[in-house]
Amino acid sequence: MPLVTSKKMLEDAYKGNYAIGAFNINNMEILQGVVQAAKAEKAPLILQVSAGARRYASPIYLRKLVEAAVEDSNLPICLHLDHGDSFELCKESIDSGFTSVMIDASHHSFAENIKITRNVVQYAHDRGVVVEAELGRLAGIEDDVNVSDKDAAFTDPDQVQEFVAKTGVDSLAIAIGTSHGAFKFKGEPKLRFDILQEVEKRLPNFPIVLHGASSVPQYLVEQINQYGGNMPGAKGVPEDMLRKAASMAVCKINIDSDIRMAVTATIRKYFAENPSHFDPRQYLGPARSAVEKLVRHKIVNVLGCNGKA
Ligand code: G3H
Ligand code: 13P
Ligand code: ZN
């Protein structure tokens, strides 16, 4: 099966009250762990590549790895550009075979966000590619965008209809209290489900995307800290909140930090227990298995997309 867009995946997820996992990939072991999990659970999959991933692994290596995953898995896989920050980057990704792009112009004014997003949508739709955009600003750190807590802004539900109508975008990322990275909440986790509900009312049957949706599992925080790491107070979005979001209009849930932590926790423990080992396969193999275990858990217990491929 060739790469697919996320159009049908997200439509089915909306109707079925579940969500598709969008997992960030940065190297072969992460990709293999994610794809093995989706294969085992017969889950549709969105693999996403950030600007940072492109810089780290180079676009051609990532693309060829994804091609291998498509051939090996026979699953419906969508290849998505995560947080594209310009028309040019989106165009380059579309031209090189991505089936979905995110144009993240959320740090611009509303009017400018519409203008930039509409240009990307026109280019993408002419070539059969779908587009995700963002309204509102998440706090947290990505490689190219660092939004401090004070600059973060919840999505204004009064803007969503106009934004979608004027841009023709296929899905919309909204800010309801999640943030990127492993330190999402200082106190009790809280998401603005009231905003999600208002957005859902104004955009019936329209797929919503949740960024910054890692759960930061405490067993991984403990393992990292136990074996020489230093992540005190790391906290993510509780799984029951993600399940609730998936049962509402949220159809795509983005996960990166949890994967990073699964890899790091495994390698830290491995090095502590096997100080004489130096073959990367000895510790990257278990790291890959840890990613697979984590993603299988997400697919079955959080996203609910198992068996939907
Ligand atoms: O949304 C951000 C993703 O976690 C990607 O992070 O830009 O460090 O690759 P990155
Ligand atoms: P996390 O940092 O919560 O994994 O979010 C990832 C993300 O939103 C990628 O776009
Ligand atoms: Zn994101």
# chains A, B, ... in the order shown; residues from 1 in each chain; ligands from 1

call {"tool": "select_by_dssp", "arguments": {"residues": "segment 44-151 of chain A", "states": "strand (DSSP E)", "output": "list in words"}}
result
Leu45, Ile46, Leu47, Gln48, Val49, Ile77, Cys78, Leu79, His80, Leu81, Asp82, His83, Gly84, Ser100, Val101, Met102, Ile103, Val130, Val131, Glu132, Ala133, Glu134, Leu135, Gly140, Ile141, Asn146 and Val147 of chain A

call {"tool": "closest_atom_pairs", "arguments": {"of": "chain A", "to": "ligand 1", "cutoff": "7 Å", "atoms": "only C-alpha atoms and all ligand atoms", "output": "tab-separated table"}}
result
residue	atom	partner	partner_atom_place_in_ligand_line	distance
A:Asn24	CA	ligand 1	5 (C)	6.7
A:Ser50	CA	ligand 1	9 (O)	4.9
A:Ala51	CA	ligand 1	7 (O)	5.9
A:Gly52	CA	ligand 1	9 (O)	4.2
A:Ala53	CA	ligand 1	9 (O)	5.0
A:Asp82	CA	ligand 1	1 (O)	6.9
A:His83	CA	ligand 1	1 (O)	6.6
A:Glu142	CA	ligand 1	7 (O)	4.3
A:Asp143	CA	ligand 1	7 (O)	3.9
A:Asp144	CA	ligand 1	7 (O)	6.5
A:His180	CA	ligand 1	1 (O)	5.9
A:Gly181	CA	ligand 1	4 (O)	6.7
A:His211	CA	ligand 1	1 (O)	6.9
A:Gly212	CA	ligand 1	1 (O)	6.7
A:Asp256	CA	ligand 1	4 (O)	4.9
A:Ser257	CA	ligand 1	4 (O)	6.1

call {"tool": "write_last_selection", "arguments": {"atoms": "N, CA and C atoms", "output": "short mmCIF file (atom, residue, chain, number, x, y, z; two decimals), in the first residue's frame"}}
result
data_model
loop_
_atom_site.label_atom_id
_atom_site.label_comp_id
_atom_site.auth_asym_id
_atom_site.auth_seq_id
_atom_site.Cartn_x
_atom_site.Cartn_y
_atom_site.Cartn_z
N ASN A 24 6.49 11.30 16.28
CA ASN A 24 7.66 11.94 15.67
C ASN A 24 8.77 10.91 15.50
N SER A 50 9.78 16.63 12.01
CA SER A 50 9.91 18.06 12.33
C SER A 50 11.11 18.65 11.59
N ALA A 51 11.23 19.97 11.66
CA ALA A 51 12.41 20.63 11.08
C ALA A 51 13.67 20.10 11.76
N GLY A 52 13.58 19.87 13.07
CA GLY A 52 14.73 19.35 13.82
C GLY A 52 15.11 17.95 13.36
N ALA A 53 14.11 17.13 13.07
CA ALA A 53 14.38 15.77 12.58
C ALA A 53 15.07 15.85 11.22
N ASP A 82 5.73 18.07 10.50
CA ASP A 82 5.29 18.61 11.79
C ASP A 82 5.81 20.05 11.95
N HIS A 83 4.92 20.97 12.27
CA HIS A 83 5.31 22.37 12.52
C HIS A 83 6.10 23.01 11.37
N GLU A 142 9.89 23.87 20.90
CA GLU A 142 10.22 23.06 19.75
C GLU A 142 11.55 23.62 19.27
N ASP A 143 12.17 22.95 18.35
CA ASP A 143 13.47 23.42 17.89
C ASP A 143 13.44 24.87 17.44
N ASP A 144 12.42 25.21 16.65
CA ASP A 144 12.44 26.52 16.01
C ASP A 144 11.52 27.54 16.66
N HIS A 180 4.38 21.52 24.63
CA HIS A 180 5.43 20.61 24.18
C HIS A 180 6.41 20.32 25.30
N GLY A 181 7.05 19.15 25.24
CA GLY A 181 8.10 18.83 26.20
C GLY A 181 7.62 17.98 27.36
N HIS A 211 -1.64 18.83 19.98
CA HIS A 211 -0.17 18.78 20.11
C HIS A 211 0.19 18.69 21.59
N GLY A 212 1.46 18.43 21.84
CA GLY A 212 1.94 18.43 23.22
C GLY A 212 1.18 17.43 24.07
N ASP A 256 5.76 12.86 21.02
CA ASP A 256 7.20 12.85 20.76
C ASP A 256 7.97 12.62 22.07
N SER A 257 7.71 13.48 23.06
CA SER A 257 8.51 13.41 24.30
C SER A 257 8.50 12.03 24.95
#

call {"tool": "residues_around", "arguments": {"residues": "Pro189 of chain A", "least_positions_apart": "2", "cutoff": "10 Å", "atoms": "only C-alpha atoms", "output": "PyMOL selection string"}}
result
chain A and resi 177-178+184-187+191+235-238+241

call {"tool": "select_by_dssp", "arguments": {"residues": "segment 127-218 of chain A", "states": "helix (DSSP H, G or I)", "output": "PyMOL selection string"}}
result
chain A and resi 149-151+157-167+193-202+218

call {"tool": "closest_residue", "arguments": {"among": "A:Lys91, A:His80, A:Lys190, A:His107", "to": "ligand 2", "atoms": "only C-alpha atoms and all ligand atoms"}}
result
A:His80

call {"tool": "residues_around", "arguments": {"residues": "segment 19-21 of chain A", "least_positions_apart": "4", "cutoff": "9 Å", "atoms": "only C-alpha atoms", "output": "list of chain:residue names"}}
result
A:Met9, A:Leu10, A:Ala13, A:Tyr14, A:Ala43, A:Pro44, A:Leu45, A:Ile46, A:Leu47, A:Arg243, A:Ala245, A:Ala246, A:Ser247, A:Ala249, A:Val250, A:Cys251, A:Lys252, A:Ile253, A:Asn254, A:Ile255, A:Val295, A:Lys298, A:Ile299, A:Val302, A:Leu303, A:Gly304, A:Cys305

call {"tool": "atom_distance", "arguments": {"atom1": "atom CA of Ile94 of chain A", "atom2": "atom 1 (Zn, counted along the ligand's line) of ligand 3"}}
result
19.0 Å

call {"tool": "residues_around", "arguments": {"residues": "Ile25 of chain A", "least_positions_apart": "4", "cutoff": "7 Å", "atoms": "only C-alpha atoms", "output": "PyMOL selection string"}}
result
chain A and resi 30-31+47-49
